file input.txt (compact mmCIF, C-alpha atoms)
# COMPACT_ATOMS: atom_id res chain seq x y z
CA MET C 30 39.68 46.98 19.97
CA PRO C 31 39.84 50.80 20.11
CA LEU C 32 37.71 52.74 22.55
CA VAL C 33 34.21 53.39 21.19
CA PRO C 34 33.94 57.17 20.75
CA ASN C 35 31.43 59.26 22.63
CA HIS C 36 29.57 60.58 19.59
CA ALA C 37 27.31 62.88 21.60
CA LYS C 38 30.18 64.55 23.44
CA ARG C 39 32.17 65.05 20.26
CA ARG C 40 29.17 66.53 18.48
CA MET C 41 28.72 69.08 21.26
CA GLN C 42 32.41 69.92 21.31
CA LYS C 43 31.96 70.98 17.68
CA GLY C 44 29.08 73.26 18.66
CA GLY C 45 26.20 70.99 17.66
CA LEU C 46 23.13 69.66 19.43
CA ALA C 47 23.17 66.19 20.94
CA LEU C 48 19.59 64.88 21.02
CA GLY C 49 18.65 62.17 23.51
CA PHE C 50 15.99 59.44 23.32
CA GLY C 51 14.60 58.76 26.80
CA VAL C 52 13.96 55.18 27.88
CA HIS C 53 11.56 54.36 30.73
CA HIS C 54 9.76 51.23 29.56
CA LEU C 55 11.47 49.80 26.49
CA ARG C 56 14.02 47.03 26.92
CA GLY C 57 16.46 45.10 24.78
CA ALA C 58 18.90 45.51 21.93
CA ALA C 59 16.33 47.14 19.63
CA VAL C 60 16.27 50.34 21.72
CA PRO C 61 19.57 51.82 20.40
CA LEU C 62 18.56 50.91 16.84
CA LEU C 63 15.29 52.82 17.30
CA THR C 64 17.29 55.69 18.80
CA ALA C 65 19.52 55.87 15.74
CA ALA C 66 16.66 55.37 13.27
CA THR C 67 14.83 58.39 14.70
CA GLY C 68 17.85 60.68 14.33
CA HIS C 69 18.94 60.79 17.97
CA ASP C 70 22.54 60.99 19.14
CA TRP C 71 22.31 59.38 22.57
CA VAL C 72 20.06 57.02 24.47
CA PHE C 73 19.02 58.10 27.96
CA VAL C 74 18.46 55.04 30.15
CA ASP C 75 16.48 56.34 33.11
CA MET C 76 17.14 54.34 36.28
CA GLU C 77 15.73 57.11 38.47
CA HIS C 78 12.13 56.91 37.26
CA GLY C 79 12.08 53.85 35.01
CA ALA C 80 11.85 50.34 36.46
CA THR C 81 15.16 49.44 34.84
CA SER C 82 17.61 47.08 36.53
CA VAL C 83 21.35 47.44 36.14
CA HIS C 84 21.24 44.35 33.94
CA ASP C 85 18.54 45.83 31.67
CA ALA C 86 20.40 49.13 31.47
CA THR C 87 23.70 47.56 30.55
CA GLN C 88 22.16 45.36 27.85
CA ILE C 89 20.85 48.53 26.17
CA CYS C 90 24.26 50.19 26.62
CA LEU C 91 26.14 47.25 25.11
CA ALA C 92 23.88 47.27 22.05
CA ALA C 93 24.31 51.04 21.69
CA LEU C 94 28.09 50.78 21.40
CA GLY C 95 27.74 49.21 17.98
CA ALA C 96 24.74 51.26 16.86
CA GLY C 97 26.44 54.65 16.56
CA VAL C 98 24.56 56.23 19.47
CA THR C 99 26.00 57.10 22.86
CA PRO C 100 24.64 55.17 25.86
CA ILE C 101 24.08 57.34 28.94
CA VAL C 102 22.49 56.21 32.20
CA ARG C 103 20.75 58.28 34.86
CA CYS C 104 21.18 56.73 38.30
CA CYS C 105 19.55 57.93 41.51
CA HIS C 106 21.29 60.63 43.55
CA ASP C 107 22.29 58.17 46.27
CA ALA C 108 23.00 55.19 44.00
CA LEU C 109 26.28 56.18 42.39
CA ASP C 110 27.38 52.54 42.52
CA GLU C 111 24.77 51.77 39.85
CA GLY C 112 26.40 54.43 37.69
CA THR C 113 29.86 52.90 38.04
CA ARG C 114 28.55 49.44 37.16
CA ALA C 115 26.83 50.90 34.10
CA LEU C 116 30.12 52.51 33.04
CA ASP C 117 31.95 49.20 33.43
CA ASN C 118 29.35 47.50 31.26
CA GLY C 119 28.81 49.78 28.30
CA ALA C 120 27.69 53.26 29.34
CA LEU C 121 29.74 56.23 28.14
CA GLY C 122 28.15 58.72 30.48
CA VAL C 123 26.19 59.15 33.70
CA ILE C 124 23.59 61.73 34.70
CA VAL C 125 23.02 62.35 38.42
CA PRO C 126 19.85 64.18 39.51
CA HIS C 127 19.30 66.64 42.37
CA VAL C 128 22.82 68.04 42.66
CA ASP C 129 22.49 71.25 44.67
CA THR C 130 26.05 72.11 45.73
CA ALA C 131 29.62 72.06 44.50
CA LYS C 132 30.44 69.53 47.23
CA GLN C 133 27.85 67.12 45.84
CA ALA C 134 29.09 67.74 42.28
CA LYS C 135 32.66 66.97 43.33
CA ARG C 136 31.51 63.68 44.87
CA VAL C 137 29.84 62.75 41.57
CA ALA C 138 32.88 63.62 39.47
CA GLN C 139 35.26 61.69 41.70
CA ALA C 140 33.00 58.62 41.75
CA PHE C 141 33.10 58.32 37.96
CA ARG C 142 36.68 59.35 37.14
CA TYR C 143 39.73 57.12 37.49
CA PRO C 144 42.74 58.38 39.52
CA PRO C 145 44.21 60.91 39.68
CA ALA C 146 41.03 62.77 38.63
CA GLY C 147 38.80 60.66 40.89
CA HIS C 148 38.46 57.45 42.82
CA ARG C 149 36.64 55.10 40.45
CA SER C 150 37.66 51.48 40.87
CA TRP C 151 39.10 49.48 37.97
CA GLY C 152 36.77 46.53 37.44
CA GLY C 153 38.72 44.79 34.73
CA PRO C 154 38.40 45.14 30.95
CA PRO C 155 35.55 47.61 30.25
CA ALA C 156 32.93 47.08 27.57
CA ALA C 157 33.72 50.39 25.89
CA TYR C 158 36.93 48.73 24.67
CA GLY C 159 35.16 45.57 23.61
CA PHE C 160 36.67 44.00 26.75
CA ALA C 161 40.14 44.24 25.16
CA PRO C 162 41.67 47.48 26.47
CA PRO C 163 45.26 48.71 26.19
CA PRO C 164 47.40 48.89 29.36
CA VAL C 165 45.45 50.09 32.39
CA LYS C 166 47.09 53.51 32.66
CA GLU C 167 46.38 54.32 29.02
CA ALA C 168 42.81 52.98 29.19
CA GLN C 169 41.93 54.92 32.33
CA LYS C 170 43.20 58.20 30.91
CA ALA C 171 41.29 57.70 27.65
CA LEU C 172 38.08 56.79 29.47
CA ASN C 173 38.37 59.83 31.74
CA ASP C 174 38.49 61.99 28.60
CA GLU C 175 35.71 60.19 26.71
CA LEU C 176 33.04 59.93 29.41
CA LEU C 177 30.30 62.55 29.78
CA ILE C 178 29.51 63.26 33.43
CA THR C 179 26.40 65.37 33.97
CA VAL C 180 24.78 66.81 37.09
CA MET C 181 21.18 67.96 37.13
CA ILE C 182 20.08 71.39 38.34
CA GLU C 183 16.59 70.96 39.77
CA THR C 184 16.14 73.38 42.67
CA PRO C 185 16.50 77.14 43.28
CA GLU C 186 19.45 76.28 45.54
CA ALA C 187 21.21 74.52 42.67
CA VAL C 188 20.57 77.50 40.39
CA GLU C 189 22.12 79.85 42.94
CA ASN C 190 25.14 77.55 43.21
CA ALA C 191 25.43 77.00 39.45
CA ALA C 192 28.70 78.92 39.06
CA GLU C 193 30.40 76.88 41.80
CA ILE C 194 28.96 73.60 40.46
CA ALA C 195 30.10 74.38 36.92
CA ALA C 196 33.60 75.11 38.18
CA VAL C 197 34.01 71.58 39.57
CA GLU C 198 36.69 69.70 37.67
CA GLY C 199 35.40 66.46 36.20
CA VAL C 200 31.85 67.68 35.63
CA ASP C 201 31.19 68.04 31.90
CA ALA C 202 27.59 69.26 31.79
CA LEU C 203 24.86 70.87 33.86
CA MET C 204 21.40 69.72 32.77
CA ILE C 205 18.38 71.66 33.97
CA GLY C 206 15.57 69.30 35.01
CA THR C 207 12.90 71.80 34.11
CA SER C 208 9.92 69.82 35.38
CA ASP C 209 11.33 69.41 38.89
CA LEU C 210 12.78 72.92 38.93
CA SER C 211 9.46 74.51 38.02
CA ALA C 212 7.74 72.44 40.72
CA GLU C 213 10.31 73.48 43.32
CA MET C 214 9.68 77.08 42.32
CA GLY C 215 5.95 76.69 42.87
CA VAL C 216 5.10 76.97 39.17
CA PRO C 217 4.90 73.31 38.09
CA GLY C 218 4.84 72.78 34.35
CA GLU C 219 5.26 76.48 33.51
CA MET C 220 8.32 76.08 31.33
CA GLY C 221 8.26 79.70 30.21
CA HIS C 222 7.71 81.28 33.63
CA LYS C 223 9.94 84.29 34.22
CA ARG C 224 11.70 82.52 37.11
CA VAL C 225 12.42 79.50 34.94
CA GLN C 226 13.75 81.78 32.20
CA ALA C 227 15.99 83.52 34.73
CA ALA C 228 17.27 80.15 35.92
CA TYR C 229 18.24 79.14 32.40
CA GLU C 230 20.04 82.42 31.91
CA GLN C 231 21.96 82.03 35.17
CA VAL C 232 22.97 78.40 34.56
CA ALA C 233 23.88 79.16 30.93
CA LYS C 234 26.15 81.98 32.12
CA ALA C 235 27.82 79.64 34.63
CA CYS C 236 28.41 77.03 31.91
CA ARG C 237 29.94 79.57 29.54
CA LYS C 238 32.26 80.88 32.25
CA SER C 239 33.62 77.42 33.09
CA GLY C 240 33.50 75.95 29.59
CA LYS C 241 30.81 73.40 30.48
CA ILE C 242 27.87 72.09 28.47
CA LEU C 243 24.32 73.27 29.17
CA GLY C 244 21.67 70.56 29.12
CA MET C 245 17.89 70.74 28.91
CA GLY C 246 15.31 68.21 30.04
CA GLY C 247 11.54 68.45 30.29
CA VAL C 248 10.99 71.18 27.69
CA TYR C 249 9.28 69.89 24.56
CA ASP C 250 7.16 72.74 23.22
CA GLU C 251 8.40 74.65 20.21
CA VAL C 252 8.54 78.11 21.82
CA TRP C 253 10.54 77.40 24.95
CA ALA C 254 12.71 74.63 23.56
CA LYS C 255 13.81 77.06 20.87
CA ALA C 256 14.40 79.80 23.43
CA TYR C 257 16.58 77.71 25.74
CA ILE C 258 18.55 76.18 22.89
CA GLY C 259 19.10 79.79 21.83
CA LEU C 260 20.63 80.42 25.26
CA GLY C 261 23.14 77.65 24.61
CA ALA C 262 21.52 74.33 25.55
CA GLN C 263 23.23 71.56 23.55
CA PHE C 264 22.61 68.40 25.57
CA VAL C 265 18.91 68.02 24.88
CA LEU C 266 16.45 65.32 25.91
CA THR C 267 13.73 65.20 23.24
CA GLY C 268 11.25 63.09 25.23
CA SER C 269 10.79 59.51 26.36
CA ASP C 270 9.48 56.26 24.94
CA HIS C 271 6.06 56.50 26.60
CA ASN C 272 5.56 60.07 25.31
CA PHE C 273 6.52 59.05 21.79
CA LEU C 274 4.27 55.98 21.83
CA MET C 275 1.30 57.85 23.25
CA SER C 276 1.66 60.74 20.83
CA ALA C 277 2.07 58.61 17.71
CA GLY C 278 -0.46 56.02 18.84
CA SER C 279 -3.09 58.64 19.67
CA ALA C 280 -2.58 60.37 16.32
CA ARG C 281 -3.04 57.09 14.45
CA THR C 282 -6.20 56.04 16.30
CA LYS C 283 -7.68 59.51 15.83
CA LEU C 284 -7.02 59.27 12.09
CA LEU C 285 -8.56 55.82 11.70
CA ARG C 286 -11.58 56.53 13.92
CA GLY C 287 -12.23 59.53 11.72
CA PHE C 288 -12.73 57.12 8.83
CA GLU C 289 -15.24 55.21 10.96
CA ALA C 290 -17.30 58.36 11.52
CA ALA C 291 -17.30 59.28 7.84
CA PRO C 292 -16.43 56.15 5.87
CA PRO C 293 -14.93 56.92 2.47
CA LYS C 294 -16.69 55.76 -0.69
CA VAL C 295 -14.97 52.71 -2.09
CA PRO C 296 -15.21 52.14 -5.87
CA LYS C 297 -17.04 48.98 -6.81
CA PRO C 298 -14.76 46.27 -8.19
CA GLY C 299 -14.70 46.04 -11.95
CA ARG C 300 -16.31 49.43 -12.67
CA LYS C 301 -13.30 50.86 -14.49
CA ALA C 302 -12.83 47.62 -16.44
CA ALA C 303 -16.47 47.68 -17.57
CA LYS C 304 -16.23 51.26 -18.80
CA ALA C 305 -13.04 50.49 -20.65
CA ALA C 306 -14.76 47.62 -22.49

call {"tool": "encode", "arguments": {"input": "input.txt", "output": "structure tokens"}}
result
Amino acid sequence: MPLVPNHAKRRMQKGGLALGFGVHHLRGAAVPLLTAATGHDWVFVDMEHGATSVHDATQICLAALGAGVTPIVRCCHDALDEGTRALDNGALGVIVPHVDTAKQAKRVAQAFRYPPAGHRSWGGPPAAYGFAPPPVKEAQKALNDELLITVMIETPEAVENAAEIAAVEGVDALMIGTSDLSAEMGVPGEMGHKRVQAAYEQVAKACRKSGKILGMGGVYDEVWAKAYIGLGAQFVLTGSDHNFLMSAGSARTKLLRGFEAAPPKVPKPGRKAAKAA
């Protein structure tokens, strides 16, 4: 079986947006189908904040491989082993939070790339090949090229080091975790604060210089999402399952309770038939 392509990465390489569906609470094979049905390009399995086991994460990743969406897992900063297991079992990318220095970024890149680019261990036939890969040397080179390895910029220190982080070989994208960054700056939730804007400009410049992808997480309002995409953000998290459910569910209950407050007049059965006679 040929290697399943990384649709999100290829879309961005052509200059497009890759939109991600965040998963905190949902489980099972239906998740990638919902991701595709809602027009998303990648599914973001959050093992940092969601109560998702490696087994749960990989089941979602395996289902995504045949659904036309790219499975990407976020592991904790100090749990890179969970990222490598996810890659062995279906994921086509890993996101690592709280990367503040080039040294930390290099450690991430080397953990997830096969030699000579890194030190990832070969765990046998990977799921991305349907467990039937070509010879090891060929498979490892192809996987190194296809994977999307992302580090998150979430502190003022990381912003200051963005140019050095972006220059690290093996790192594909720098995603700004805007919620944590704004909190670290002392302006929590102020996505359009002048310091947050300056951070986006600085990280975007670093990405352009090194030919890396700019990512955006935590920005969902129309004004600032548009502004930061205008600066070059392509790898974009649109929200997460709980946000989507709460938003849609609240809108539906509001609509129906409005009918309770002012019940519509319902025509009596048979009235039209009687008039017609």

call {"tool": "atom_distance", "arguments": {"input": "input.txt", "atom1": "CA of Pro61 in chain C", "atom2": "CA of Leu91 in chain C"}}
result
9.3 Å

call {"tool": "closest_atom_pairs", "arguments": {"input": "input.txt", "of": "range 56-131 of chain C", "to": "range 255-270 of chain C", "cutoff": "10 Å", "atoms": "all atoms listed in the file", "output": "tab-separated table"}}
result
residue	atom	partner	partner_atom	distance
C:Val60	CA	C:Asp270	CA	9.6
C:Thr64	CA	C:Asp270	CA	10.0
C:His69	CA	C:Thr267	CA	8.6
C:Asp70	CA	C:Val265	CA	9.8
C:Trp71	CA	C:Leu266	CA	9.0
C:Val72	CA	C:Leu266	CA	9.2
C:Phe73	CA	C:Leu266	CA	7.9
C:Val74	CA	C:Ser269	CA	9.7
C:Asp75	CA	C:Ser269	CA	9.4

call {"tool": "atom_distance", "arguments": {"input": "input.txt", "atom1": "CA of Ile178 in chain C", "atom2": "CA of Asp250 in chain C"}}
result
26.3 Å

call {"tool": "atom_distance", "arguments": {"input": "input.txt", "atom1": "CA of Asn35 in chain C", "atom2": "CA of Leu176 in chain C"}}
result
7.0 Å

call {"tool": "residues_around", "arguments": {"input": "input.txt", "residues": "Gln169 in chain C", "least_positions_apart": "5", "cutoff": "10 Å", "atoms": "only C-alpha atoms", "output": "list in words"}}
result
Arg142, Tyr143, Pro144, Pro145, Arg149, Trp151, Pro155, Pro162, Pro163, Pro164, Asp174 and Glu175 of chain C

call {"tool": "closest_residue", "arguments": {"input": "input.txt", "among": "C:Val52, C:Val98, C:Leu109, C:Ile194", "to": "Ala86 in chain C", "atoms": "only C-alpha atoms"}}
result
C:Val52

call {"tool": "closest_residue", "arguments": {"input": "input.txt", "among": "C:Gly57, C:Gly147, C:Gly152, C:Pro126", "to": "Ala93 in chain C", "atoms": "only C-alpha atoms"}}
result
C:Gly57

call {"tool": "closest_residue", "arguments": {"input": "input.txt", "among": "C:Ala228, C:Ala157, C:Leu274, C:Leu116", "to": "Leu55 in chain C", "atoms": "all atoms listed in the file"}}
result
C:Leu274

call {"tool": "closest_residue", "arguments": {"input": "input.txt", "among": "C:Met76, C:Val165, C:Val83, C:Cys105", "to": "Val128 in chain C", "atoms": "all atoms listed in the file"}}
result
C:Cys105

call {"tool": "residues_near_point", "arguments": {"input": "input.txt", "point": "(27.0, 81.2, 44.8)", "cutoff": "12 Å", "atoms": "all atoms listed in the file", "output": "short mmCIF file (atom, residue, chain, number, x, y, z; two decimals) with C-alpha atoms, keeping the file's coordinate frame"}}
result
data_model
loop_
_atom_site.label_atom_id
_atom_site.label_comp_id
_atom_site.auth_asym_id
_atom_site.auth_seq_id
_atom_site.Cartn_x
_atom_site.Cartn_y
_atom_site.Cartn_z
CA ASP C 129 22.49 71.25 44.67
CA THR C 130 26.05 72.11 45.73
CA ALA C 131 29.62 72.06 44.50
CA PRO C 185 16.50 77.14 43.28
CA GLU C 186 19.45 76.28 45.54
CA ALA C 187 21.21 74.52 42.67
CA VAL C 188 20.57 77.50 40.39
CA GLU C 189 22.12 79.85 42.94
CA ASN C 190 25.14 77.55 43.21
CA ALA C 191 25.43 77.00 39.45
CA ALA C 192 28.70 78.92 39.06
CA GLU C 193 30.40 76.88 41.80
CA ILE C 194 28.96 73.60 40.46
CA ALA C 195 30.10 74.38 36.92
CA ALA C 196 33.60 75.11 38.18
CA GLN C 231 21.96 82.03 35.17
CA VAL C 232 22.97 78.40 34.56
CA ALA C 235 27.82 79.64 34.63
#
